[in-house]
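Data from input34.pdb: PDB, C-alpha atoms
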```pdb
ATOM      1  CA  MET A 766    -110.215  10.859  -7.420
ATOM      2  CA  LEU A 767    -109.414   8.350  -4.712
ATOM      3  CA  LYS A 768    -108.669   9.539  -1.244
ATOM      4  CA  TYR A 769    -106.227   7.667   0.900
ATOM      5  CA  THR A 770    -106.538   7.783   4.608
ATOM      6  CA  LEU A 771    -103.927   6.522   6.951
ATOM      7  CA  LEU A 772    -105.051   4.369   9.762
ATOM      8  CA  PRO A 773    -103.821   5.282  13.190
ATOM      9  CA  LEU A 774    -100.255   4.080  13.802
ATOM     10  CA  LYS A 775    -101.499   1.350  16.127
ATOM     11  CA  ASP A 776    -103.744  -0.080  13.374
ATOM     12  CA  ASN A 777    -100.971   0.063  10.771
ATOM     13  CA  LEU A 778     -98.703  -1.823  13.140
ATOM     14  CA  HIS A 779    -101.328  -4.516  13.616
ATOM     15  CA  ILE A 780    -101.677  -4.898   9.852
ATOM     16  CA  LEU A 781     -97.911  -5.241   9.428
ATOM     17  CA  ILE A 782     -97.741  -7.838  12.180
ATOM     18  CA  PHE A 783    -100.587  -9.790  10.599
ATOM     19  CA  LEU A 784     -98.967  -9.679   7.130
ATOM     20  CA  ARG A 785     -95.674 -10.893   8.609
ATOM     21  CA  TYR A 786     -97.542 -13.735  10.321
ATOM     22  CA  LEU A 787     -99.181 -14.757   7.038
ATOM     23  CA  TYR A 788     -95.842 -14.630   5.201
ATOM     24  CA  LYS A 789     -94.118 -16.811   7.793
ATOM     25  CA  LYS A 790     -97.051 -19.229   7.835
ATOM     26  CA  THR A 791     -96.832 -19.566   4.046
ATOM     27  CA  ILE A 792     -93.078 -20.117   4.109
ATOM     28  CA  ASN A 793     -93.234 -22.594   6.994
ATOM     29  CA  SER A 794     -96.074 -24.578   5.467
ATOM     30  CA  GLY A 795     -93.869 -25.434   2.496
ATOM     31  CA  MET A 796     -96.217 -23.830   0.004
ATOM     32  CA  THR A 797     -93.373 -21.920  -1.646
ATOM     33  CA  LYS A 798     -90.643 -24.540  -1.272
ATOM     34  CA  VAL A 799     -90.138 -26.751  -4.297
ATOM     35  CA  LYS A 800     -87.623 -29.564  -4.153
ATOM     36  CA  LEU A 801     -85.343 -29.232  -7.132
ATOM     37  CA  ASN A 802     -82.209 -31.045  -6.051
ATOM     38  CA  ARG A 803     -81.225 -34.346  -4.429
ATOM     39  CA  ILE A 804     -77.950 -33.201  -2.879
ATOM     40  CA  LYS A 805     -78.875 -34.428   0.608
ATOM     41  CA  SER A 806     -79.916 -37.869  -0.682
ATOM     42  CA  VAL A 807     -76.857 -38.299  -2.877
ATOM     43  CA  LEU A 808     -74.520 -37.267  -0.048
ATOM     44  CA  ALA A 809     -76.103 -39.980   2.113
ATOM     45  CA  GLU A 810     -75.835 -42.564  -0.684
ATOM     46  CA  LYS A 811     -72.146 -41.742  -1.094
ATOM     47  CA  ASN A 812     -71.498 -41.770   2.674
ATOM     48  CA  SER A 813     -70.316 -38.183   2.483
ATOM     49  CA  SER A 814     -71.305 -35.220   4.609
ATOM     50  CA  GLY A 815     -72.294 -31.653   3.979
ATOM     51  CA  LYS A 816     -69.186 -30.670   5.910
ATOM     52  CA  ASP A 817     -66.986 -32.599   3.450
ATOM     53  CA  LEU A 818     -68.734 -30.980   0.504
ATOM     54  CA  ALA A 819     -68.464 -27.504   2.015
ATOM     55  CA  TYR A 820     -64.736 -27.965   2.571
ATOM     56  CA  HIS A 821     -64.178 -29.241  -0.982
ATOM     57  CA  LEU A 822     -66.112 -26.347  -2.549
ATOM     58  CA  GLY A 823     -64.763 -23.671  -0.211
ATOM     59  CA  LYS A 824     -68.305 -22.846   0.955
ATOM     60  CA  THR A 825     -69.746 -22.606   4.442
ATOM     61  CA  GLU A 826     -71.570 -25.532   6.004
ATOM     62  CA  SER A 827     -74.576 -23.243   6.286
ATOM     63  CA  THR A 828     -74.644 -22.716   2.512
ATOM     64  CA  VAL A 829     -74.481 -26.452   1.833
ATOM     65  CA  SER A 830     -77.205 -27.048   4.416
ATOM     66  CA  ARG A 831     -79.472 -24.571   2.626
ATOM     67  CA  TRP A 832     -78.882 -26.466  -0.634
ATOM     68  CA  CYS A 833     -79.631 -29.790   1.071
ATOM     69  CA  THR A 834     -82.945 -28.511   2.396
ATOM     70  CA  ASN A 835     -83.808 -26.906  -0.958
ATOM     71  CA  GLU A 836     -84.103 -23.533   0.730
ATOM     72  CA  VAL A 837     -81.881 -22.148  -2.036
ATOM     73  CA  GLN A 838     -80.345 -23.727  -5.120
ATOM     74  CA  PRO A 839     -76.699 -23.849  -6.157
ATOM     75  CA  SER A 840     -75.671 -22.517  -9.554
ATOM     76  CA  VAL A 841     -75.251 -24.902 -12.466
ATOM     77  CA  GLU A 842     -71.487 -24.449 -12.170
ATOM     78  CA  THR A 843     -71.645 -25.458  -8.508
ATOM     79  CA  LEU A 844     -73.836 -28.462  -9.325
ATOM     80  CA  TYR A 845     -71.141 -29.509 -11.803
ATOM     81  CA  GLU A 846     -68.471 -29.240  -9.087
ATOM     82  CA  ILE A 847     -70.663 -31.217  -6.655
ATOM     83  CA  ALA A 848     -71.143 -33.953  -9.266
ATOM     84  CA  LYS A 849     -67.385 -34.139  -9.846
ATOM     85  CA  PHE A 850     -66.750 -34.348  -6.087
ATOM     86  CA  LEU A 851     -69.292 -37.168  -5.701
ATOM     87  CA  ASN A 852     -68.161 -38.870  -8.930
ATOM     88  CA  ILE A 853     -71.669 -38.956 -10.410
ATOM     89  CA  ASP A 854     -73.530 -37.618 -13.424
ATOM     90  CA  ILE A 855     -74.838 -34.110 -12.743
ATOM     91  CA  ARG A 856     -78.373 -35.280 -13.601
ATOM     92  CA  GLU A 857     -78.392 -37.439 -10.487
ATOM     93  CA  LEU A 858     -78.421 -34.260  -8.398
ATOM     94  CA  LEU A 859     -81.697 -33.041  -9.880
ATOM     95  CA  ILE A 860     -85.286 -34.086  -9.233
ATOM     96  CA  SER A 861     -86.805 -35.502 -12.414
ATOM     97  CA  THR A 862     -89.648 -33.575 -13.998
ATOM     98  CA  LYS A 863     -91.227 -36.753 -15.366
TER      99      LYS A 863
END
```
This structure in structure tokens:
Amino acid sequence: MLKYTLLPLKDNLHILIFLRYLYKKTINSGMTKVKLNRIKSVLAEKNSSGKDLAYHLGKTESTVSRWCTNEVQPSVETLYEIAKFLNIDIRELLISTK
């Protein structure tokens, strides 16, 4: 049978701080971020802004910014609405896999 021993509170705190540091370092290094959309590029090509898109979709500028940086991805339905707004084929908003 395995015995578990708790480290002193101070040591546990140091471990948590170190794990948080590693997590942030991983996130900030881009290791987990995969570019899946081209929303930012297409907005620039169409001389439109994230603010315009946010207003049209009824979303916050912060949400659109997170899509543009590929921090999060919009739903397929939202991609369809973005494509309609920009008057493009929805496939132009996605990064090709080939």
Please provide as JSON, numbers by chain all residues within 12 Å of A:Ser813, with the sequence filter that same-chain residues fewer than 5 positions apart are discarded (counting all atoms listed in the file).
{"A": [804, 805, 806, 807, 808, 818, 819, 820, 821, 847, 850, 851, 852]}
Target residues per the PyMOL selection byres ((chain A and resi 801) around 8), formatted as a PyMOL selection string
chain A and resi 799-800+802-803+835+838+859-860
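Straight-line separation from atom CA of A:Asp854 to atom CA of A:Ser827: 24.4 Å.
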Can you work out the spacing between atom CA of A:Ser830 and atom CA of A:Ile855 in Å, to one decimal?
18.7 Å
Padding of 3 Å on every side, edges along x, y and z, all listed atoms of stretch 805-812 of chain A included: what centre and edge lengths in Å, to one decimal, does that box have, as AutoDock Vina command-line options?
```
--center_x -75.7 --center_y -38.5 --center_z -0.1 --size_x 14.4 --size_y 14.1 --size_z 11.6
```
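Between A:Leu844 and the residues A:Lys863, A:Lys824, A:Arg856, A:Lys811, the shortest atom-to-atom distance, using only C-alpha atoms, involves A:Arg856.
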In Å, how far is it from atom CA of A:Arg831 to atom CA of A:Ser861?
20.0 Å
